[in-house]
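The file model_27.txt contains compact mmCIF, C-alpha atoms:
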# COMPACT_ATOMS: atom_id res chain seq x y z
CA MET I 1 0.00 0.00 0.00
CA LYS I 2 2.67 2.46 1.00
CA GLU I 3 5.55 1.03 -1.02
CA HIS I 4 5.68 3.85 -3.50
CA PHE I 5 6.56 6.25 -0.70
CA CYS I 6 9.88 4.53 -0.45
CA ALA I 7 10.55 4.95 -4.15
CA LEU I 8 12.98 7.78 -3.51
CA ASN I 9 14.77 5.73 -0.88
CA GLU I 10 15.07 2.66 -3.05
CA ASN I 11 16.40 4.59 -6.02
CA ARG I 12 18.55 6.89 -3.96
CA TRP I 13 21.54 6.53 -6.24
CA GLU I 14 19.50 7.81 -9.12
CA LYS I 15 18.49 11.40 -8.82
CA PRO I 16 14.77 11.63 -9.66
CA SER I 17 13.70 14.33 -12.07
CA ALA I 18 11.43 17.19 -10.99
CA ASP I 19 8.53 15.62 -12.89
CA GLU I 20 9.05 12.28 -11.17
CA ILE I 21 9.05 13.97 -7.77
CA ARG I 22 5.90 15.88 -8.66
CA GLU I 23 4.18 12.66 -9.74
CA LEU I 24 5.28 10.95 -6.55
CA PHE I 25 3.80 13.70 -4.42
CA ILE I 26 0.55 13.70 -6.37
CA SER I 27 0.28 9.95 -5.81
CA ILE I 28 0.90 10.55 -2.09
CA ALA I 29 -1.87 13.13 -2.07
CA GLU I 30 -4.22 10.77 -3.93
CA ASN I 31 -3.62 7.61 -1.96
CA HIS I 32 -3.02 8.90 1.55
CA ARG I 33 -5.15 11.99 1.60
CA ASP I 34 -7.90 10.40 3.70
CA SER I 35 -5.53 8.96 6.27
CA LEU I 36 -3.61 12.23 6.59
CA ILE I 37 -6.81 14.26 6.86
CA ASN I 38 -8.14 11.92 9.54
CA VAL I 39 -4.94 12.35 11.54
CA ALA I 40 -5.15 16.13 11.23
CA TYR I 41 -8.83 16.02 12.14
CA GLY I 42 -8.02 13.89 15.17
CA PHE I 43 -5.77 16.69 16.40
CA LEU I 44 -7.76 19.73 15.33
CA HIS I 45 -11.40 18.54 15.35
CA GLU I 46 -12.12 20.85 12.46
CA LYS I 47 -12.48 19.70 8.89
CA GLU I 48 -11.36 22.86 7.07
CA ALA I 49 -8.34 23.25 9.32
CA ALA I 50 -7.47 19.57 8.75
CA LEU I 51 -7.63 20.00 4.98
CA ASP I 52 -5.48 23.12 5.19
CA VAL I 53 -2.89 21.42 7.36
CA VAL I 54 -2.59 18.41 5.06
CA GLN I 55 -2.19 20.66 2.01
CA GLU I 56 0.44 22.64 3.87
CA ALA I 57 2.24 19.49 5.05
CA LEU I 58 2.38 17.97 1.56
CA LEU I 59 3.58 21.22 0.07
CA LYS I 60 6.16 21.69 2.79
CA ALA I 61 7.45 18.14 2.23
CA TYR I 62 7.62 18.79 -1.52
CA ARG I 63 9.46 22.09 -1.15
CA LYS I 64 11.83 20.85 1.51
CA LEU I 65 12.55 17.52 -0.11
CA SER I 66 16.18 18.65 -0.23
CA THR I 67 16.32 18.41 3.56
CA PHE I 68 14.93 14.88 3.59
CA GLN I 69 17.85 12.72 4.65
CA ASN I 70 16.59 9.20 3.87
CA GLN I 71 16.69 8.38 7.56
CA SER I 72 13.03 7.50 7.41
CA SER I 73 10.69 6.81 4.55
CA LEU I 74 9.12 9.72 2.75
CA PHE I 75 5.71 8.50 3.86
CA THR I 76 6.46 8.71 7.58
CA TRP I 77 8.16 12.06 7.02
CA VAL I 78 4.94 13.54 5.61
CA TYR I 79 3.05 12.23 8.65
CA ARG I 80 5.62 13.77 10.98
CA ILE I 81 5.24 17.14 9.26
CA THR I 82 1.45 16.87 9.49
CA ALA I 83 1.57 16.04 13.20
CA ASN I 84 3.98 18.91 13.87
CA LEU I 85 1.84 21.38 11.95
CA CYS I 86 -1.21 20.24 13.89
CA LYS I 87 0.61 20.80 17.16
CA ASP I 88 1.60 24.29 15.98
CA ARG I 89 -2.02 25.07 15.12
CA LEU I 90 -3.16 23.83 18.51
CA ARG I 91 -0.62 26.09 20.20
CA GLN I 92 -1.81 29.04 18.12
CA ARG I 93 -5.40 28.19 19.01
CA LYS I 94 -4.56 28.07 22.68
CA ARG I 95 -2.96 31.50 22.42
CA GLN I 96 -5.94 32.94 20.55
CA LYS I 97 -8.37 31.00 22.71
CA THR I 98 -10.84 30.61 19.88
CA ALA I 99 -13.24 27.74 19.73
CA PRO I 100 -13.12 25.37 16.73
CA VAL I 101 -15.84 25.66 14.12
CA GLU I 102 -17.67 22.56 15.35
CA GLU I 103 -18.17 24.07 18.77
CA MET I 104 -19.64 27.16 17.19
CA GLY I 105 -22.29 25.15 15.43
CA GLY I 106 -20.60 24.13 12.15
CA ASP I 107 -20.15 20.42 11.64
CA ASN I 108 -18.69 18.93 8.54
CA HIS I 109 -17.74 15.39 9.22
CA ILE I 110 -19.19 11.91 9.05
CA PHE I 111 -22.18 12.53 11.28
CA GLU I 112 -23.47 15.29 9.08
CA LEU I 113 -24.09 12.92 6.18
CA PRO I 114 -27.55 13.12 4.55
CA ASP I 115 -28.91 9.90 6.09
CA LEU I 116 -28.15 11.24 9.53
CA ALA I 117 -29.43 14.69 8.74
CA ALA I 118 -32.77 13.07 8.02
CA ASN I 119 -32.90 12.14 11.70
CA PRO I 120 -32.03 15.33 13.61
CA ARG I 121 -32.31 13.74 17.03
CA ARG I 122 -29.91 10.97 16.14
CA SER I 123 -27.56 13.48 14.56
CA ALA I 124 -27.55 15.62 17.69
CA GLU I 125 -26.84 12.57 19.82
CA LEU I 126 -23.92 11.58 17.66
CA LYS I 127 -22.60 15.11 17.72
CA GLU I 128 -22.72 15.10 21.47
CA ARG I 129 -20.98 11.72 21.59
CA ASP I 130 -18.23 13.02 19.29
CA LYS I 131 -17.62 15.97 21.55
CA ILE I 132 -17.26 13.66 24.53
CA VAL I 133 -14.82 11.37 22.73
CA MET I 134 -12.78 14.33 21.45
CA ALA I 135 -12.69 15.87 24.92
CA ALA I 136 -11.50 12.56 26.37
CA ILE I 137 -8.75 12.32 23.71
CA GLU I 138 -7.68 15.91 24.40
CA LEU I 139 -7.22 15.08 28.07
CA LEU I 140 -4.63 12.42 27.28
CA PRO I 141 -0.94 13.31 27.65
CA ASP I 142 0.52 14.60 24.35
CA ASN I 143 2.63 11.51 23.64
CA HIS I 144 -0.27 9.16 24.19
CA GLN I 145 -2.65 11.35 22.25
CA GLN I 146 -0.35 11.42 19.21
CA ILE I 147 0.06 7.67 19.14
CA LEU I 148 -3.65 7.03 19.57
CA ILE I 149 -4.52 9.39 16.72
CA LEU I 150 -1.85 8.01 14.38
CA ARG I 151 -3.03 4.48 15.11
CA GLU I 152 -6.81 4.87 15.13
CA ALA I 153 -7.33 7.82 12.80
CA GLY I 154 -4.35 7.32 10.48
CA GLY I 155 -4.39 3.54 10.57
CA LEU I 156 -0.60 3.37 10.82
CA SER I 157 1.14 0.23 12.03
CA TYR I 158 3.29 0.21 15.19
CA LYS I 159 6.42 0.29 13.05
CA GLU I 160 5.23 3.28 11.05
CA ILE I 161 4.22 5.17 14.19
CA ALA I 162 7.66 4.46 15.66
CA ARG I 163 9.23 5.99 12.55
CA VAL I 164 6.96 9.02 12.59
CA LEU I 165 7.65 9.76 16.25
CA LYS I 166 11.26 8.55 16.18
CA CYS I 167 10.82 6.12 19.04
CA ARG I 168 10.89 2.35 19.55
CA GLU I 169 8.09 0.00 18.62
CA GLY I 170 7.97 -1.13 22.25
CA THR I 171 7.36 2.46 23.32
CA VAL I 172 4.51 2.73 20.81
CA MET I 173 2.99 -0.51 22.09
CA SER I 174 3.23 0.60 25.71
CA ARG I 175 1.90 4.13 25.12
CA LEU I 176 -0.96 2.92 22.96
CA PHE I 177 -1.93 0.45 25.65
CA HIS I 178 -1.91 3.15 28.32
CA ALA I 179 -3.73 5.60 26.05
CA ARG I 180 -6.54 3.09 25.52
CA LYS I 181 -6.68 2.32 29.21
CA MET I 182 -6.85 6.03 30.16
CA LEU I 183 -9.40 6.75 27.46
CA ALA I 184 -11.60 3.91 28.66
CA ALA I 185 -11.43 5.25 32.22
CA ARG I 186 -12.21 8.83 31.09
CA LEU I 187 -15.13 7.80 28.90
CA LYS I 188 -16.50 5.72 31.73
CA THR I 189 -16.33 8.77 33.99
CA PHE I 190 -18.04 10.91 31.35
CA ALA I 191 -20.76 8.29 30.91
CA GLU I 192 -21.30 8.14 34.67
CA ASP I 193 -21.48 11.96 34.86
CA LEU I 194 -24.01 12.04 32.05
CA GLY I 195 -25.99 9.26 33.72
CA SER I 196 -26.14 11.15 36.99
CA MET W 1 5.29 -8.80 29.53
CA THR W 2 4.39 -6.37 32.30
CA LEU W 3 4.23 -2.63 31.77
CA HIS W 4 4.32 -0.42 34.84
CA GLY W 5 2.52 -2.98 36.96
CA SER W 6 -0.30 -3.60 34.49
CA CYS W 7 -1.80 -7.04 34.17
CA PRO W 8 -0.06 -8.87 31.31
CA VAL W 9 -3.45 -9.95 29.99
CA GLU W 10 -4.47 -6.28 29.64
CA LEU W 11 -1.53 -5.62 27.34
CA ARG W 12 -2.41 -8.72 25.35
CA ILE W 13 -5.93 -7.39 24.91
CA SER W 14 -4.45 -4.29 23.29
CA LEU W 15 -2.28 -6.41 21.01
CA LEU W 16 -5.19 -8.72 20.22
CA LEU W 17 -7.27 -5.75 19.12
CA ASP W 18 -4.46 -4.74 16.75
CA GLY W 19 -4.18 -8.28 15.39
CA LEU W 20 -0.62 -8.67 16.62
CA LEU W 21 -0.99 -11.95 18.51
CA SER W 22 -0.20 -15.33 17.04
CA ASP W 23 -2.97 -17.90 16.52
CA GLU W 24 -1.87 -19.80 19.60
CA GLU W 25 -1.83 -16.65 21.75
CA THR W 26 -5.23 -15.63 20.40
CA LYS W 27 -6.68 -19.02 21.36
CA GLN W 28 -5.10 -18.74 24.81
CA ILE W 29 -6.54 -15.31 25.46
CA HIS W 30 -9.99 -16.35 24.27
CA ARG W 31 -9.80 -19.31 26.66
CA HIS W 32 -8.90 -16.79 29.37
CA PHE W 33 -11.94 -14.68 28.47
CA SER W 34 -14.21 -17.65 29.01
CA GLU W 35 -12.86 -17.90 32.54
CA CYS W 36 -12.39 -14.20 33.37
CA GLU W 37 -15.40 -11.94 32.96
CA SER W 38 -13.40 -8.80 33.86
CA CYS W 39 -10.92 -9.29 30.99
CA ARG W 40 -13.69 -10.20 28.54
CA GLN W 41 -15.54 -7.00 29.47
CA LYS W 42 -12.35 -5.00 29.04
CA TYR W 43 -11.89 -6.47 25.56
CA VAL W 44 -15.46 -5.54 24.62
CA ASP W 45 -15.05 -2.01 26.05
CA TRP W 46 -11.76 -1.35 24.31
CA GLU W 47 -13.06 -2.69 21.03
CA HIS W 48 -15.96 -0.29 21.33
CA ILE W 49 -13.67 2.61 22.23
CA ILE W 50 -11.41 1.96 19.25
CA HIS W 51 -14.44 1.92 17.01
CA LEU W 52 -15.66 5.18 18.58
CA VAL W 53 -12.31 6.93 18.12
CA ARG W 54 -12.08 5.77 14.50
CA GLU W 55 -15.57 7.02 13.78
CA THR W 56 -15.02 10.30 15.58
CA CYS W 57 -11.76 11.01 13.78
CA SER W 58 -12.87 10.02 10.31
CA VAL W 59 -13.64 12.72 7.80
CA ARG W 60 -15.64 11.72 4.76
CA LEU W 61 -14.97 13.91 1.77
CA THR W 62 -17.39 14.28 -1.08
CA PRO W 63 -16.01 13.53 -4.58
CA VAL W 64 -16.01 17.27 -5.27
CA GLU W 65 -13.96 17.98 -2.16
CA LYS W 66 -11.51 15.21 -3.08
CA ASN W 67 -11.02 16.64 -6.56
CA THR W 68 -10.66 20.17 -5.23
CA PHE W 69 -8.05 19.02 -2.75
CA LEU W 70 -5.99 17.34 -5.46
CA HIS W 71 -6.44 20.18 -7.91
CA GLN W 72 -5.28 22.75 -5.36
CA PHE W 73 -2.28 20.67 -4.40
CA ASN W 74 -1.37 20.08 -8.04
CA GLN W 75 -1.48 23.81 -8.74
CA GLN W 76 0.60 24.60 -5.70
CA ILE W 77 3.41 22.19 -6.56
CA VAL W 78 3.46 23.27 -10.19
CA ASN W 79 3.98 26.85 -9.02
CA SER W 80 6.64 26.05 -6.43
CA ASP W 81 10.26 25.20 -7.03
CA LEU W 82 12.26 22.42 -5.49
CA LYS W 83 15.20 23.61 -3.46
CA THR W 84 18.52 22.03 -4.35
CA PRO W 85 20.06 20.14 -1.43
CA CYS W 86 22.91 21.87 0.32
CA PHE W 87 26.33 20.22 0.63
CA THR W 88 25.82 18.98 4.18
CA VAL W 89 22.53 17.34 3.24
CA GLN W 90 24.22 15.63 0.31
CA ILE W 91 26.92 14.32 2.64
CA ALA W 92 24.30 13.19 5.16
CA ARG W 93 22.39 11.41 2.39
CA PHE W 94 25.54 9.69 1.25
CA LEU W 95 26.30 8.52 4.80
CA ALA W 96 22.72 7.39 5.24
CA GLN W 97 23.34 4.74 2.56
CA PHE W 98 25.47 2.86 5.09
CA ARG W 99 22.81 2.72 7.78
CA PRO W 100 21.63 -0.81 6.92
CA ILE W 101 25.16 -2.13 7.59
CA PRO W 102 25.47 -3.24 11.26
CA TRP W 103 27.48 -0.86 13.41
CA GLN W 104 29.97 -3.63 14.30
CA TRP W 105 30.89 -4.00 10.63
CA ARG W 106 31.16 -0.26 10.19
CA ALA W 107 33.38 0.01 13.28
CA ALA W 108 35.62 -2.82 12.05
CA PHE W 109 35.92 -1.21 8.63
CA ALA W 110 36.78 2.16 10.18
CA LEU W 111 39.41 0.51 12.39
CA ILE W 112 41.05 -1.19 9.41
CA LEU W 113 41.16 2.12 7.53
CA ILE W 114 42.71 3.87 10.53
CA LEU W 115 45.39 1.16 10.80
CA ILE W 116 46.24 1.35 7.12
CA PHE W 117 46.60 5.12 7.18
CA SER W 118 48.59 5.16 10.41
CA ILE W 119 51.30 2.72 9.24
CA PRO W 120 53.65 5.51 8.00
CA PHE W 121 53.38 7.20 11.38
CA LEU W 122 54.08 4.13 13.51
CA PRO W 123 57.38 4.29 15.53
CA ASN W 124 60.19 2.59 13.64
CA ASN W 125 62.31 0.23 15.77
CA GLN W 126 64.87 -0.34 13.05
CA GLN W 127 67.42 2.43 13.53
CA GLU W 128 69.28 3.87 10.63
CA PRO W 129 72.85 2.47 10.39
CA GLN W 130 75.46 4.84 11.74
CA GLU W 131 77.70 5.78 8.88
CA LEU W 132 81.09 7.45 8.69
CA PHE W 133 82.30 9.10 5.52
CA ILE W 134 86.03 9.62 5.15
CA PRO W 135 86.92 11.55 2.05
CA THR W 136 90.48 11.09 0.92
CA LEU W 137 92.67 12.39 -1.87
CA ALA W 138 93.78 10.13 -4.61
CA SER W 139 97.48 10.68 -3.85
CA ASP W 140 97.45 10.77 -0.13
CA PHE W 141 95.31 8.53 1.96
CA SER W 142 97.25 8.96 5.19
CA ASP W 143 94.45 11.22 6.39
CA ALA W 144 91.99 8.41 6.04
CA LYS W 145 94.35 6.07 7.84
CA ILE W 146 94.71 8.44 10.77
CA ARG W 147 91.00 8.91 11.04
CA LEU W 148 90.34 5.23 10.93
CA GLU W 149 92.76 4.71 13.77
CA THR W 150 91.57 7.61 15.90
CA ASP W 151 87.84 7.46 15.32
CA VAL W 152 86.07 4.93 17.37
CA ALA W 153 85.31 2.66 14.46
CA ALA W 154 83.19 0.38 16.63
CA GLU W 155 80.62 3.13 16.98
CA TYR W 156 79.87 3.02 13.32
CA ASP W 157 78.06 0.35 11.41
CA LEU W 158 79.40 1.44 8.04
CA ILE W 159 82.58 3.27 7.14
CA TRP W 160 82.75 4.82 3.75
CA VAL W 161 86.19 5.73 2.47
CA VAL W 162 85.52 7.91 -0.49
CA THR W 163 88.26 7.93 -3.05
CA GLY W 164 88.58 9.38 -6.48
CA GLU W 165 90.53 6.93 -8.53
CA GLU W 166 90.73 3.26 -9.05
CA GLU W 167 94.48 3.26 -8.35
CA THR W 168 93.94 4.74 -4.94
CA GLN W 169 91.37 2.11 -4.23
CA LYS W 170 93.91 -0.59 -4.76
CA THR W 171 96.48 1.14 -2.58
CA LEU W 172 93.93 1.71 0.10
CA ASP W 173 92.97 -1.89 0.02
CA SER W 174 96.55 -3.11 0.40
CA SER W 175 97.63 -0.60 3.04
CA LEU W 176 94.58 -0.32 5.28
CA GLY W 177 92.88 -3.62 4.72
CA PHE W 178 89.74 -1.74 3.73
CA LYS W 179 87.90 -2.04 0.53
CA PRO W 180 86.54 1.30 -0.51
CA PHE W 181 82.77 1.18 -0.74
CA MET W 182 82.33 4.24 -2.75
CA THR W 183 84.22 5.88 -5.50
CA ILE W 184 83.54 9.25 -6.97

Here is a file; write its structure as structure tokens.
Amino acid sequence: MKEHFCALNENRWEKPSADEIRELFISIAENHRDSLINVAYGFLHEKEAALDVVQEALLKAYRKLSTFQNQSSLFTWVYRITANLCKDRLRQRKRQKTAPVEEMGGDNHIFELPDLAANPRRSAELKERDKIVMAAIELLPDNHQQILILREAGGLSYKEIARVLKCREGTVMSRLFHARKMLAARLKTFAEDLGS
Amino acid sequence: MTLHGSCPVELRISLLLDGLLSDEETKQIHRHFSECESCRQKYVDWEHIIHLVRETCSVRLTPVEKNTFLHQFNQQIVNSDLKTPCFTVQIARFLAQFRPIPWQWRAAFALILILIFSIPFLPNNQQEPQELFIPTLASDFSDAKIRLETDVAAEYDLIWVVTGEEETQKTLDSSLGFKPFMTI
């Protein structure tokens, strides 16, 4: 699935032409757009911002390809840039203290699909559930949050996450386990609060 | 496998959910679930949570949005130039080629190279032979005779009596018992 991302690594002795690089990046955008957008959305909880960040990350990777040192695959590098840009945006957001679009009433993701819109009550319930899940994810420590999002939203393997975050696979395994455990505890607390 | 005091079965549940356990381990853990209600419940809860997170974080784009995204990106990369790598990056890329080689091999190779290049600088135990040059005239070699008698000949490994003519060489040979090693 992700083999073509390593094309530059495999043919590192041959300098690819500008057209080849362009084609490679377009194929990245085509094939991994959804996964990258989901990761960005997992961090930002805002569809437009997620799309912007992924565009920016792909463009940044393309422009700064000269700084790519073949120490990881191009694929994981793009994910790393996306995650870093998301963290930057979150910092900016914290400084500005503005609420994301969803909180202000705009909702653009899965639960706003036409079949759900036909049932407003169900849609509102799902929206509420999303907010709770997002809030629970936000409460996780940064390291755990990143790994959980890369795994569940991006669908990356342990090995790929380890490359993105420059850590060991064992660390990924351990943090993911703790992230799931903490998330389960938080969601249970939320559910109890709602119940009471 | 215990992480920070967690139950090893808990960690296995996480791995089971990611499909990282072998068939045998999967069977074992399912057998455990039939005996342990707490672990089975945890498995069900976590499975549900993973599903929730995946749903919550998934963005479904309409075909129009997908095309717009690609079109915008295509336009942006057409209008932007690739930077040429600087020298240090090129060096780093070259060195990165050797990463798959185990460090032990790289260390051994580096050591061999160091040894090869340090050979000319190693201390030489073989001392240069001590040489004595005694120049003498063709007609008169008494000077050489005197010097040979007075100089401590034992201190020298080689004594060169430098003469000019073949005739002198013969004389020198008969009178001093030395064969001249060098003639000019």

Straight-line distance linking atom CA of Ser35 of chain I with atom CA of Gly154 of chain I, stated in Å to one decimal: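 Atom CA of Ser35 of chain I sits 4.7 Å away from atom CA of Gly154 of chain I.
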
Selected residue of minimal separation from chain W among I:Ala153, I:Ala40, I:Ile28, I:Ala179, counting all atoms listed in the file: I:Ala153

Test item: residues at most 8 Å from segment 59-62 of chain I, only C-alpha atoms, excluding those fewer than 5 positions along its chain, as number ranges by chain: I: 22, 25, 77-78, 81; W: 73, 76-77, 82

Computed interatomic separation between atom CA of Asp23 of chain W and atom CA of Lys42 of chain W (Å): 20.3 Å

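When atom CA of Thr82 of chain I is paired with atom CA of Val54 of chain I, their separation reads 6.2 Å.
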
Interface, chain I side, toward chain W (7 Å; all atoms listed in the file) as a list in words: Ile26, Ala29, Glu30, Asn38, Tyr41, Gly42, Gln55, Leu59, Arg63, Lys64, Ser66, Thr67, Gln69, Asn70, Gln71, His109, Ile110, Asp130, Val133, Glu152, Ala153, Ser174, Phe177, Arg180 and Ala184 of chain I

Mind dumping the selected residues with C-alpha atoms as a tab-separated table (two decimals), keeping the file's coordinate frame?
chain	number	residue	atom	x	y	z
I	26	ILE	CA	0.55	13.70	-6.37
I	29	ALA	CA	-1.87	13.13	-2.07
I	30	GLU	CA	-4.22	10.77	-3.93
I	38	ASN	CA	-8.14	11.92	9.54
I	41	TYR	CA	-8.83	16.02	12.14
I	42	GLY	CA	-8.02	13.89	15.17
I	55	GLN	CA	-2.19	20.66	2.01
I	59	LEU	CA	3.58	21.22	0.07
I	63	ARG	CA	9.46	22.09	-1.15
I	64	LYS	CA	11.83	20.85	1.51
I	66	SER	CA	16.18	18.65	-0.23
I	67	THR	CA	16.32	18.41	3.56
I	69	GLN	CA	17.85	12.72	4.65
I	70	ASN	CA	16.59	9.20	3.87
I	71	GLN	CA	16.69	8.38	7.56
I	109	HIS	CA	-17.74	15.39	9.22
I	110	ILE	CA	-19.19	11.91	9.05
I	130	ASP	CA	-18.23	13.02	19.29
I	133	VAL	CA	-14.82	11.37	22.73
I	152	GLU	CA	-6.81	4.87	15.13
I	153	ALA	CA	-7.33	7.82	12.80
I	174	SER	CA	3.23	0.60	25.71
I	177	PHE	CA	-1.93	0.45	25.65
I	180	ARG	CA	-6.54	3.09	25.52
I	184	ALA	CA	-11.60	3.91	28.66

Exercise: Tyr79 of chain I partners within 9 Å, only C-alpha atoms, chain neighbours under 2 positions left out, as a list in words: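 The contact residues come out as Leu36, Val39, Ala57, Leu74, Phe75, Thr76, Trp77, Ile81, Thr82, Ala83, Asn84, Leu150 and Val164 of chain I.
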
For Phe190 of chain I: contacts at 12 Å, all atoms listed in the file, fewer than 6 positions along chain excluded, given as a VMD selection string: chain I and resid 128 to 129 131 to 136 183 to 184 196

Take every atom of segment 146-157 of chain I listed in the file, pad by 6 Å on each side, and give me the axis-aligned box centre and edge lengths in Å, one decimal, as lines of an AutoDock Vina configuration file.
center_x = -3.1
center_y = 5.8
center_z = 15.0
size_x = 20.5
size_y = 23.2
size_z = 21.1
